[in-house]
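Undergrad: Dropping in work02.pdb, which is PDB, C-alpha atoms:
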```pdb
ATOM      1  CA  MET T1206       6.024  15.976 -10.159
ATOM      2  CA  LYS T1207       2.526  15.009  -8.952
ATOM      3  CA  GLN T1208       1.583  12.017  -6.819
ATOM      4  CA  LEU T1209      -1.793  10.236  -6.756
ATOM      5  CA  ALA T1210      -2.552   7.594  -4.113
ATOM      6  CA  ILE T1211      -5.418   5.154  -4.618
ATOM      7  CA  LEU T1212      -6.738   3.736  -1.354
ATOM      8  CA  SER T1213      -9.551   1.654   0.079
ATOM      9  CA  GLY T1214     -10.799   1.459   3.622
ATOM     10  CA  LYS T1215     -10.989  -2.331   3.306
ATOM     11  CA  GLY T1216      -9.591  -4.963   0.993
ATOM     12  CA  GLY T1217     -11.527  -6.326  -1.949
ATOM     13  CA  THR T1218     -13.146  -3.112  -3.179
ATOM     14  CA  GLY T1219     -11.399  -3.234  -6.568
ATOM     15  CA  LYS T1220      -8.676  -0.695  -5.788
ATOM     16  CA  THR T1221      -5.886  -2.533  -7.582
ATOM     17  CA  SER T1222      -8.040  -3.332 -10.629
ATOM     18  CA  ILE T1223      -8.813   0.367 -11.020
ATOM     19  CA  THR T1224      -5.176   1.318 -10.416
ATOM     20  CA  ALA T1225      -4.108  -1.103 -13.151
ATOM     21  CA  ALA T1226      -6.732   0.323 -15.504
ATOM     22  CA  PHE T1227      -5.393   3.815 -14.837
ATOM     23  CA  ALA T1228      -1.886   2.526 -15.532
ATOM     24  CA  SER T1229      -2.993   1.549 -19.042
ATOM     25  CA  LEU T1230      -4.359   5.069 -19.579
ATOM     26  CA  ALA T1231      -1.633   7.137 -17.931
ATOM     27  CA  GLN T1232       1.350   8.657 -19.689
ATOM     28  CA  GLN T1233       4.646   9.871 -18.274
ATOM     29  CA  THR T1234       3.941   7.900 -15.096
ATOM     30  CA  VAL T1235       5.800   5.737 -12.581
ATOM     31  CA  PHE T1236       3.752   3.110 -10.759
ATOM     32  CA  ALA T1237       4.332   2.254  -7.106
ATOM     33  CA  ASP T1238       2.667  -0.735  -5.426
ATOM     34  CA  CYS T1239       2.713   0.283  -1.767
ATOM     35  CA  ASP T1240       0.486  -2.557  -0.558
ATOM     36  CA  VAL T1241       3.647  -4.332   0.585
ATOM     37  CA  ASP T1242       1.887  -6.785   2.923
ATOM     38  CA  ALA T1243      -0.178  -8.252   0.073
ATOM     39  CA  ALA T1244       1.129  -6.799  -3.180
ATOM     40  CA  ASP T1245      -0.768  -7.867  -6.310
ATOM     41  CA  LEU T1246      -0.472  -5.073  -8.873
ATOM     42  CA  HIS T1247       2.419  -7.033 -10.360
ATOM     43  CA  LEU T1248       0.008  -9.844 -11.274
ATOM     44  CA  ILE T1249      -1.525  -7.564 -13.920
ATOM     45  CA  LEU T1250       1.386  -5.315 -14.880
ATOM     46  CA  LYS T1251       3.866  -8.245 -15.097
ATOM     47  CA  PRO T1252       7.005  -6.243 -14.207
ATOM     48  CA  THR T1253      10.487  -7.246 -15.257
ATOM     49  CA  ILE T1254      12.755  -6.677 -12.259
ATOM     50  CA  GLN T1255      15.796  -4.533 -13.007
ATOM     51  CA  HIS T1256      17.131  -3.913  -9.511
ATOM     52  CA  THR T1257      16.575  -5.520  -6.093
ATOM     53  CA  THR T1258      17.192  -3.868  -2.723
ATOM     54  CA  LYS T1259      17.314  -5.789   0.538
ATOM     55  CA  PHE T1260      15.038  -4.336   3.204
ATOM     56  CA  TYR T1261      16.011  -4.512   6.872
ATOM     57  CA  GLY T1262      13.134  -3.836   9.246
ATOM     58  CA  LEU T1263      13.123  -4.565  12.960
ATOM     59  CA  LYS T1264      16.311  -5.667  14.687
ATOM     60  CA  LEU T1265      16.743  -9.252  15.873
ATOM     61  CA  ALA T1266      18.388 -10.213  19.163
ATOM     62  CA  GLN T1267      21.434 -12.494  18.949
ATOM     63  CA  ILE T1268      22.879 -14.349  21.969
ATOM     64  CA  ASP T1269      26.529 -15.244  22.275
ATOM     65  CA  LYS T1270      26.426 -18.554  24.151
ATOM     66  CA  ASN T1271      30.133 -18.247  24.964
ATOM     67  CA  LEU T1272      29.399 -15.134  27.042
ATOM     68  CA  CYS T1273      25.979 -16.119  28.407
ATOM     69  CA  THR T1274      25.888 -17.095  32.103
ATOM     70  CA  THR T1275      22.257 -18.373  31.897
ATOM     71  CA  CYS T1276      21.126 -15.868  34.517
ATOM     72  CA  LYS T1277      17.812 -15.762  32.615
ATOM     73  CA  GLN T1278      17.222 -12.073  33.207
ATOM     74  CA  CYS T1279      16.479 -11.776  29.491
ATOM     75  CA  ILE T1280      13.765 -14.431  29.754
ATOM     76  CA  ASN T1281      12.213 -12.809  32.818
ATOM     77  CA  HIS T1282      12.030  -9.362  31.225
ATOM     78  CA  CYS T1283      11.037 -10.229  27.638
ATOM     79  CA  ALA T1284       7.450  -9.045  27.140
ATOM     80  CA  PHE T1285       7.090 -11.110  23.964
ATOM     81  CA  THR T1286       8.274 -14.504  25.330
ATOM     82  CA  ALA T1287      10.770 -14.558  22.493
ATOM     83  CA  ILE T1288      13.516 -16.306  24.464
ATOM     84  CA  THR T1289      13.328 -20.004  25.340
ATOM     85  CA  ASN T1290      14.466 -21.632  28.583
ATOM     86  CA  THR T1291      17.554 -22.800  26.738
ATOM     87  CA  ILE T1292      18.386 -19.119  26.030
ATOM     88  CA  ASP T1293      17.568 -19.240  22.347
ATOM     89  CA  ILE T1294      15.837 -16.475  20.402
ATOM     90  CA  ILE T1295      12.540 -17.216  18.626
ATOM     91  CA  PRO T1296      12.910 -14.959  15.550
ATOM     92  CA  SER T1297       9.176 -14.824  14.755
ATOM     93  CA  ALA T1298       8.407 -13.621  18.296
ATOM     94  CA  CYS T1299      11.247 -11.109  18.712
ATOM     95  CA  GLU T1300      10.038  -7.515  18.294
ATOM     96  CA  GLY T1301      13.521  -6.037  18.200
ATOM     97  CA  CYS T1302      12.927  -3.796  21.219
ATOM     98  CA  GLY T1303      16.467  -4.317  22.552
ATOM     99  CA  LEU T1304      15.502  -4.665  26.239
ATOM    100  CA  CYS T1305      17.264  -8.003  26.586
ATOM    101  CA  ALA T1306      20.518  -6.513  25.252
ATOM    102  CA  HIS T1307      20.139  -3.576  27.624
ATOM    103  CA  ILE T1308      19.701  -5.646  30.781
ATOM    104  CA  CYS T1309      22.149  -8.472  30.035
ATOM    105  CA  PRO T1310      24.814  -8.166  32.764
ATOM    106  CA  VAL T1311      27.573  -9.689  30.612
ATOM    107  CA  ASN T1312      26.702  -8.074  27.264
ATOM    108  CA  ALA T1313      26.021 -11.447  25.700
ATOM    109  CA  ILE T1314      23.119 -10.096  23.597
ATOM    110  CA  THR T1315      23.445  -7.810  20.599
ATOM    111  CA  MET T1316      20.838  -6.465  18.177
ATOM    112  CA  GLN T1317      21.491  -7.422  14.582
ATOM    113  CA  ASP T1318      19.901  -6.340  11.310
ATOM    114  CA  ARG T1319      17.113  -8.643  10.199
ATOM    115  CA  LEU T1320      16.360  -9.192   6.510
ATOM    116  CA  SER T1321      12.647  -8.420   6.362
ATOM    117  CA  GLY T1322      11.921  -8.267   2.645
ATOM    118  CA  TYR T1323      12.903  -6.854  -0.713
ATOM    119  CA  ALA T1324      12.145  -3.746  -2.758
ATOM    120  CA  TYR T1325      12.181  -3.896  -6.543
ATOM    121  CA  GLN T1326      12.641  -1.453  -9.401
ATOM    122  CA  SER T1327      11.105  -2.820 -12.584
ATOM    123  CA  THR T1328       9.880  -2.100 -16.057
ATOM    124  CA  THR T1329       6.342  -2.794 -17.301
ATOM    125  CA  ARG T1330       4.559  -2.434 -20.628
ATOM    126  CA  PHE T1331       3.185   0.871 -19.310
ATOM    127  CA  GLY T1332       6.332   2.304 -17.750
ATOM    128  CA  PRO T1333       8.644   2.050 -14.705
ATOM    129  CA  MET T1334       7.361   0.461 -11.503
ATOM    130  CA  THR T1335       8.500   0.066  -7.918
ATOM    131  CA  HIS T1336       7.129  -2.648  -5.658
ATOM    132  CA  ALA T1337       8.136  -4.824  -2.731
ATOM    133  CA  ALA T1338       7.635  -8.071  -0.866
ATOM    134  CA  LEU T1339       7.582  -8.221   2.922
ATOM    135  CA  ASN T1340       8.667 -11.537   4.400
ATOM    136  CA  THR T1341       6.101 -13.615   6.278
ATOM    137  CA  ALA T1342       5.339 -12.391   9.825
ATOM    138  CA  GLU T1343       7.587  -9.346   9.417
ATOM    139  CA  GLU T1344       6.608  -5.875  10.577
ATOM    140  CA  ALA T1345       7.803  -2.340   9.783
ATOM    141  CA  SER T1346       5.714  -2.321   6.600
ATOM    142  CA  GLY T1347       5.471   1.467   6.866
ATOM    143  CA  LYS T1348       9.245   1.738   6.465
ATOM    144  CA  LEU T1349       9.101  -0.501   3.399
ATOM    145  CA  VAL T1350       6.331   1.649   1.890
ATOM    146  CA  THR T1351       8.567   4.679   2.383
ATOM    147  CA  LEU T1352      11.416   2.900   0.589
ATOM    148  CA  VAL T1353       9.123   2.006  -2.335
ATOM    149  CA  ARG T1354       8.008   5.644  -2.626
ATOM    150  CA  GLU T1355      11.580   6.923  -2.448
ATOM    151  CA  GLN T1356      12.575   4.601  -5.268
ATOM    152  CA  ALA T1357       9.519   5.686  -7.282
ATOM    153  CA  THR T1358      10.572   9.323  -6.913
ATOM    154  CA  SER T1359      14.075   8.405  -8.032
ATOM    155  CA  LEU T1360      12.755   6.555 -11.091
ATOM    156  CA  ALA T1361      10.459   9.456 -11.979
ATOM    157  CA  ALA T1362      13.398  11.859 -11.931
ATOM    158  CA  GLN T1363      15.601   9.432 -13.852
ATOM    159  CA  HIS T1364      13.021   8.822 -16.604
ATOM    160  CA  GLN T1365      11.628  12.379 -16.536
ATOM    161  CA  LYS T1366       8.126  11.290 -15.558
ATOM    162  CA  ASP T1367       5.720  13.845 -14.118
ATOM    163  CA  LEU T1368       3.330  11.560 -12.202
ATOM    164  CA  ILE T1369       3.644   8.811  -9.593
ATOM    165  CA  LEU T1370       0.612   6.532  -9.354
ATOM    166  CA  ILE T1371       0.484   4.794  -5.962
ATOM    167  CA  ASP T1372      -1.520   1.637  -5.293
ATOM    168  CA  GLY T1373      -1.892   2.031  -1.540
ATOM    169  CA  PRO T1374      -2.622  -0.501   1.195
ATOM    170  CA  PRO T1375      -6.090  -0.881   2.715
ATOM    171  CA  GLY T1376      -7.033   0.459   6.145
ATOM    172  CA  ILE T1377      -5.826   3.540   8.014
ATOM    173  CA  GLY T1378      -2.679   2.304   9.741
ATOM    174  CA  CYS T1379       1.027   3.083   9.471
ATOM    175  CA  PRO T1380       1.473   1.747   5.894
ATOM    176  CA  VAL T1381      -1.408   3.929   4.679
ATOM    177  CA  ILE T1382       0.005   7.015   6.372
ATOM    178  CA  ALA T1383       3.393   6.270   4.777
ATOM    179  CA  ALA T1384       1.678   5.892   1.392
ATOM    180  CA  ILE T1385      -0.183   9.224   1.454
ATOM    181  CA  THR T1386       2.262  11.560   3.189
ATOM    182  CA  GLY T1387       2.993  14.415   0.819
ATOM    183  CA  VAL T1388       0.795  13.218  -2.077
ATOM    184  CA  ASP T1389      -1.204  15.706  -4.139
ATOM    185  CA  LEU T1390      -4.460  13.759  -4.406
ATOM    186  CA  VAL T1391      -6.123  10.661  -2.941
ATOM    187  CA  LEU T1392      -8.762   8.541  -4.640
ATOM    188  CA  ILE T1393     -10.703   6.232  -2.325
ATOM    189  CA  VAL T1394     -12.337   3.196  -3.936
ATOM    190  CA  THR T1395     -15.305   1.969  -1.925
ATOM    191  CA  GLU T1396     -18.292  -0.316  -2.407
ATOM    192  CA  PRO T1397     -21.893  -0.240  -1.109
ATOM    193  CA  THR T1398     -21.468  -2.621   1.817
ATOM    194  CA  LEU T1399     -21.777  -1.776   5.496
ATOM    195  CA  SER T1400     -18.139  -2.609   6.276
ATOM    196  CA  ALA T1401     -16.902  -0.550   3.320
ATOM    197  CA  ILE T1402     -19.029   2.440   4.330
ATOM    198  CA  HIS T1403     -17.657   2.243   7.882
ATOM    199  CA  ASP T1404     -14.076   2.118   6.630
ATOM    200  CA  LEU T1405     -14.683   4.830   4.032
ATOM    201  CA  LYS T1406     -15.610   7.239   6.812
ATOM    202  CA  ARG T1407     -12.456   6.346   8.738
ATOM    203  CA  ILE T1408     -10.125   6.878   5.813
ATOM    204  CA  LEU T1409     -11.827  10.168   4.908
ATOM    205  CA  GLN T1410     -11.075  11.311   8.452
ATOM    206  CA  LEU T1411      -7.446  10.358   7.863
ATOM    207  CA  THR T1412      -7.069  12.318   4.614
ATOM    208  CA  LYS T1413      -8.859  15.273   6.202
ATOM    209  CA  HIS T1414      -6.395  15.161   9.115
ATOM    210  CA  PHE T1415      -3.479  15.424   6.672
ATOM    211  CA  ASN T1416      -5.324  18.007   4.565
ATOM    212  CA  ILE T1417      -5.064  15.979   1.350
ATOM    213  CA  PRO T1418      -7.624  16.609  -1.428
ATOM    214  CA  THR T1419      -9.720  13.463  -1.758
ATOM    215  CA  LEU T1420     -12.084  11.953  -4.325
ATOM    216  CA  VAL T1421     -14.321   8.886  -4.059
ATOM    217  CA  CYS T1422     -15.215   6.158  -6.534
ATOM    218  CA  ILE T1423     -18.071   3.742  -5.801
ATOM    219  CA  ASN T1424     -17.300   0.345  -7.323
ATOM    220  CA  LYS T1425     -20.075  -2.223  -7.862
ATOM    221  CA  TYR T1426     -22.526   0.542  -7.009
ATOM    222  CA  ASP T1427     -25.529  -1.423  -8.265
ATOM    223  CA  ILE T1428     -25.234  -4.365  -5.859
ATOM    224  CA  ASN T1429     -26.971  -2.290  -3.175
ATOM    225  CA  THR T1430     -28.452   0.990  -4.354
ATOM    226  CA  GLU T1431     -29.658   1.895  -0.866
ATOM    227  CA  ASN T1432     -26.098   1.806   0.484
ATOM    228  CA  THR T1433     -24.877   3.663  -2.598
ATOM    229  CA  THR T1434     -27.337   6.435  -1.788
ATOM    230  CA  GLN T1435     -25.988   6.478   1.767
ATOM    231  CA  ILE T1436     -22.429   6.927   0.474
ATOM    232  CA  GLU T1437     -23.529   9.699  -1.872
ATOM    233  CA  HIS T1438     -25.322  11.514   0.948
ATOM    234  CA  TYR T1439     -22.298  11.254   3.257
ATOM    235  CA  CYS T1440     -19.926  12.541   0.563
ATOM    236  CA  THR T1441     -22.230  15.403  -0.381
ATOM    237  CA  THR T1442     -22.600  16.415   3.267
ATOM    238  CA  ASN T1443     -18.812  16.447   3.671
ATOM    239  CA  ASN T1444     -18.041  18.160   0.343
ATOM    240  CA  ILE T1445     -16.349  15.095  -1.137
ATOM    241  CA  ASP T1446     -16.643  14.661  -4.902
ATOM    242  CA  ILE T1447     -17.706  11.266  -6.258
ATOM    243  CA  ILE T1448     -15.982  11.099  -9.620
ATOM    244  CA  GLY T1449     -17.333   7.741 -10.748
ATOM    245  CA  LYS T1450     -19.802   4.934 -10.123
ATOM    246  CA  ILE T1451     -18.757   1.615 -11.627
ATOM    247  CA  PRO T1452     -21.353  -1.170 -12.042
ATOM    248  CA  TYR T1453     -20.735  -4.757 -11.029
ATOM    249  CA  ASP T1454     -18.929  -6.228 -14.021
ATOM    250  CA  THR T1455     -17.521  -9.760 -14.260
ATOM    251  CA  THR T1456     -15.388  -8.596 -17.177
ATOM    252  CA  ILE T1457     -12.939  -7.118 -14.653
ATOM    253  CA  THR T1458     -12.327 -10.614 -13.271
ATOM    254  CA  LYS T1459     -12.023 -12.090 -16.745
ATOM    255  CA  ALA T1460      -9.415  -9.459 -17.600
ATOM    256  CA  MET T1461      -7.424 -10.338 -14.473
ATOM    257  CA  ILE T1462      -7.482 -14.016 -15.431
ATOM    258  CA  HIS T1463      -5.889 -12.981 -18.738
ATOM    259  CA  GLU T1464      -3.351 -10.831 -16.829
ATOM    260  CA  GLN T1465      -4.708  -7.687 -18.453
ATOM    261  CA  THR T1466      -6.340  -4.478 -17.347
ATOM    262  CA  ILE T1467     -10.001  -4.207 -18.233
ATOM    263  CA  ASN T1468      -9.169  -1.364 -20.636
ATOM    264  CA  GLU T1469      -6.819  -3.680 -22.504
ATOM    265  CA  TYR T1470      -9.216  -6.602 -22.441
ATOM    266  CA  THR T1471     -12.375  -4.981 -23.777
ATOM    267  CA  THR T1472     -14.365  -1.821 -24.430
ATOM    268  CA  ASN T1473     -17.681  -1.472 -22.632
ATOM    269  CA  GLN T1474     -19.613   0.756 -20.231
ATOM    270  CA  THR T1475     -17.166   0.072 -17.411
ATOM    271  CA  THR T1476     -14.102   1.040 -19.440
ATOM    272  CA  ASP T1477     -15.851   4.219 -20.569
ATOM    273  CA  ILE T1478     -16.535   5.131 -16.933
ATOM    274  CA  ILE T1479     -12.952   4.392 -15.879
ATOM    275  CA  THR T1480     -11.575   6.413 -18.797
ATOM    276  CA  ASN T1481     -13.754   9.383 -17.854
ATOM    277  CA  MET T1482     -12.637   9.054 -14.230
ATOM    278  CA  TRP T1483      -9.008   9.173 -15.300
ATOM    279  CA  LYS T1484      -9.628  12.278 -17.399
ATOM    280  CA  LYS T1485     -11.177  14.032 -14.384
ATOM    281  CA  ILE T1486      -8.315  12.967 -12.116
ATOM    282  CA  HIS T1487      -5.686  14.058 -14.620
ATOM    283  CA  GLN T1488      -7.411  17.411 -14.911
ATOM    284  CA  LYS T1489      -7.374  17.819 -11.118
ATOM    285  CA  LEU T1490      -3.700  16.895 -10.946
ATOM    286  CA  THR T1491      -2.722  19.365 -13.641
ATOM    287  CA  GLN T1492      -4.497  22.262 -11.998
ATOM    288  CA  GLU T1493      -2.097  24.837 -10.592
ATOM    289  CA  ARG T1494      -3.607  24.453  -7.122
ATOM    290  CA  LEU T1495      -5.676  21.490  -5.906
TER     291      LEU T1495
END
```
Once more with this new file: its structure as structure tokens, please.
TA:
Amino acid sequence: MKQLAILSGKGGTGKTSITAAFASLAQQTVFADCDVDAADLHLILKPTIQHTTKFYGLKLAQIDKNLCTTCKQCINHCAFTAITNTIDIIPSACEGCGLCAHICPVNAITMQDRLSGYAYQSTTRFGPMTHAALNTAEEASGKLVTLVREQATSLAAQHQKDLILIDGPPGIGCPVIAAITGVDLVLIVTEPTLSAIHDLKRILQLTKHFNIPTLVCINKYDINTENTTQIEHYCTTNNIDIIGKIPYDTTITKAMIHEQTINEYTTNQTTDIITNMWKKIHQKLTQERL
């Protein structure tokens, strides 16, 4: 079983649109939306949820007022000001560190599981999909990404699929690391803007650190050809293959409005480029050694 993660150093580069397009081209594939903080692959793939799993992230402090002596040691030691003067917990401020429970002299505070979101196993018109929703202001998104990937692996085994296609989160933080750990190949979608170039270099450092083979796609390459040339030079210098350059194309947006991938919506230069990219990626993934 092979795993491909599609990433972007920043949001808005077109990562999910390209992932969705690949989904319409792929066969024997399970799709995993690991951008759990702002999931949107489901807007195009329109999954039908088959199974829901509750996700418990950070712990939440609970105070037994019958035991509390209002000594206020918990208030004085809480680094997150998550306890009010009336000895009540502010759930959105509590980081679940457990210090208050540790120092309470009468054991009036316990750490309880906190429902932080949900993970879903679904079906789509292209195949099985796993995805998730993290509740507002919740953390531990890396743990939820891991759960989504575990469920994707389970679905792949269950349905005898040989590829997991991961729509990863942007950036280089914990959720990204959770999304790429152990994958066979990473595709980074970037664009010719200064912020995207900066973040492309950071995420390439990350995949190099984990020794993961990495490819680059330049989306909207023609909006700034000078910056595109800069990306090409950087990738060439660092032995990174650019497998595709996609022009700025409003058809991608029109396809999204119709809740379709661009490859479903039309046939044009952009779809030809994306199809050729997928063929190259599939060839890389089926090689005996990457």
Undergrad: Which residues of stretch 1407-1447 of chain T come within 12 Å of stretch 1469-1476 of chain T, and what is each one's closest atom pair and distance in Å (one decimal), counting all atoms listed in the file, sorted by chain and residue number, as CSV?
TA:
```
residue,atom,partner,partner_atom,distance
T:Asn1424,CA,T:Thr1475,CA,10.1
T:Lys1425,CA,T:Thr1475,CA,10.2
T:Tyr1426,CA,T:Thr1475,CA,11.7
```
Undergrad: Report, in Å with one decimal, the straight-line distance from atom CA of T:Leu1368 to atom CA of T:Leu1409.
TA: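 One can read the atom CA of T:Leu1368 to atom CA of T:Leu1409 distance as 22.9 Å.
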Undergrad: Hey, which of T:Ile1254, T:Ile1478, T:Met1461, T:Leu1370 ends up closest to T:Met1206? Count all atoms listed in the file.
TA: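 Of all the options, T:Leu1370 lies closest to T:Met1206.
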Undergrad: Considering all atoms listed in the file, can you say which of T:Ala1401, T:Asp1269, T:Leu1392, T:Asn1432 comes closest to T:Ile1445?
TA: T:Leu1392
Undergrad: I would like the residues chosen by the PyMOL selection byres ((chain T and resi 1453-1459) around 7) on the shown file; could you give them as a list in words?
TA: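 Expected selection for the PyMOL selection byres ((chain T and resi 1453-1459) around 7) here is Lys1425, Tyr1426, Asp1427, Ile1428, Ile1451, Pro1452, Ala1460, Met1461, Ile1462, His1463 and Ile1467 of chain T.
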Undergrad: Got a sec to resolve the PyMOL selection byres ((chain T and resi 1238) around 10) on this structure and send the residues as a list in words?
TA: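 What the PyMOL selection byres ((chain T and resi 1238) around 10) grabs from the file is Ala1210, Thr1221, Thr1224, Phe1236, Ala1237, Cys1239, Asp1240, Val1241, Ala1243, Ala1244, Asp1245, Leu1246, His1247, Met1334, Thr1335, His1336, Ala1337, Ala1338, Val1350, Val1353, Arg1354, Ala1357, Leu1370, Ile1371, Asp1372, Gly1373, Pro1374 and Ala1384 of chain T.
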Undergrad: Any chance you could export the current selection's C-alpha atoms as a short mmCIF file (atom, residue, chain, number, x, y, z; two decimals), in the coordinates of the input?
TA:
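Dumped to out22.cif:
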```cif
data_model
loop_
_atom_site.label_atom_id
_atom_site.label_comp_id
_atom_site.auth_asym_id
_atom_site.auth_seq_id
_atom_site.Cartn_x
_atom_site.Cartn_y
_atom_site.Cartn_z
CA ALA T 1210 -2.55 7.59 -4.11
CA THR T 1221 -5.89 -2.53 -7.58
CA THR T 1224 -5.18 1.32 -10.42
CA PHE T 1236 3.75 3.11 -10.76
CA ALA T 1237 4.33 2.25 -7.11
CA CYS T 1239 2.71 0.28 -1.77
CA ASP T 1240 0.49 -2.56 -0.56
CA VAL T 1241 3.65 -4.33 0.58
CA ALA T 1243 -0.18 -8.25 0.07
CA ALA T 1244 1.13 -6.80 -3.18
CA ASP T 1245 -0.77 -7.87 -6.31
CA LEU T 1246 -0.47 -5.07 -8.87
CA HIS T 1247 2.42 -7.03 -10.36
CA MET T 1334 7.36 0.46 -11.50
CA THR T 1335 8.50 0.07 -7.92
CA HIS T 1336 7.13 -2.65 -5.66
CA ALA T 1337 8.14 -4.82 -2.73
CA ALA T 1338 7.64 -8.07 -0.87
CA VAL T 1350 6.33 1.65 1.89
CA VAL T 1353 9.12 2.01 -2.34
CA ARG T 1354 8.01 5.64 -2.63
CA ALA T 1357 9.52 5.69 -7.28
CA LEU T 1370 0.61 6.53 -9.35
CA ILE T 1371 0.48 4.79 -5.96
CA ASP T 1372 -1.52 1.64 -5.29
CA GLY T 1373 -1.89 2.03 -1.54
CA PRO T 1374 -2.62 -0.50 1.20
CA ALA T 1384 1.68 5.89 1.39
#
```
Undergrad: Atom CA of T:Asp1367 and atom CA of T:Ala1231, how far apart in Å?
TA: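 Atom CA of T:Asp1367 lies 10.7 Å from atom CA of T:Ala1231.
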Undergrad: Just to confirm, what's the straight-line distance from atom CA of T:Thr1275 to atom CA of T:Ile1295 in Å (one decimal)?
TA: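 That distance, rounded to one decimal, is 16.5 Å.
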Undergrad: When distances are computed from all atoms listed in the file, which of T:His1282, T:Leu1212, T:Ile1308, T:Gly1332 shows the smallest separation from T:Pro1380?
TA: T:Leu1212
Undergrad: Return the padded bounding box of stretch 1474-1486 of chain T as lines of an AutoDock Vina configuration file: axis-aligned, built from all atoms listed in the file, 6 Å added on each side, with centre and edge lengths in Å to one decimal.
TA:
```
center_x = -14.0
center_y = 7.1
center_z = -16.3
size_x = 23.3
size_y = 26.0
size_z = 20.5
```
Undergrad: Using only C-alpha atoms, which of T:Val1235, T:Ile1268, T:Ile1223, T:Ile1423 sits nearest T:Asp1293?
TA: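 Looking only at the distances to T:Asp1293, the closest residue turns out to be T:Ile1268.
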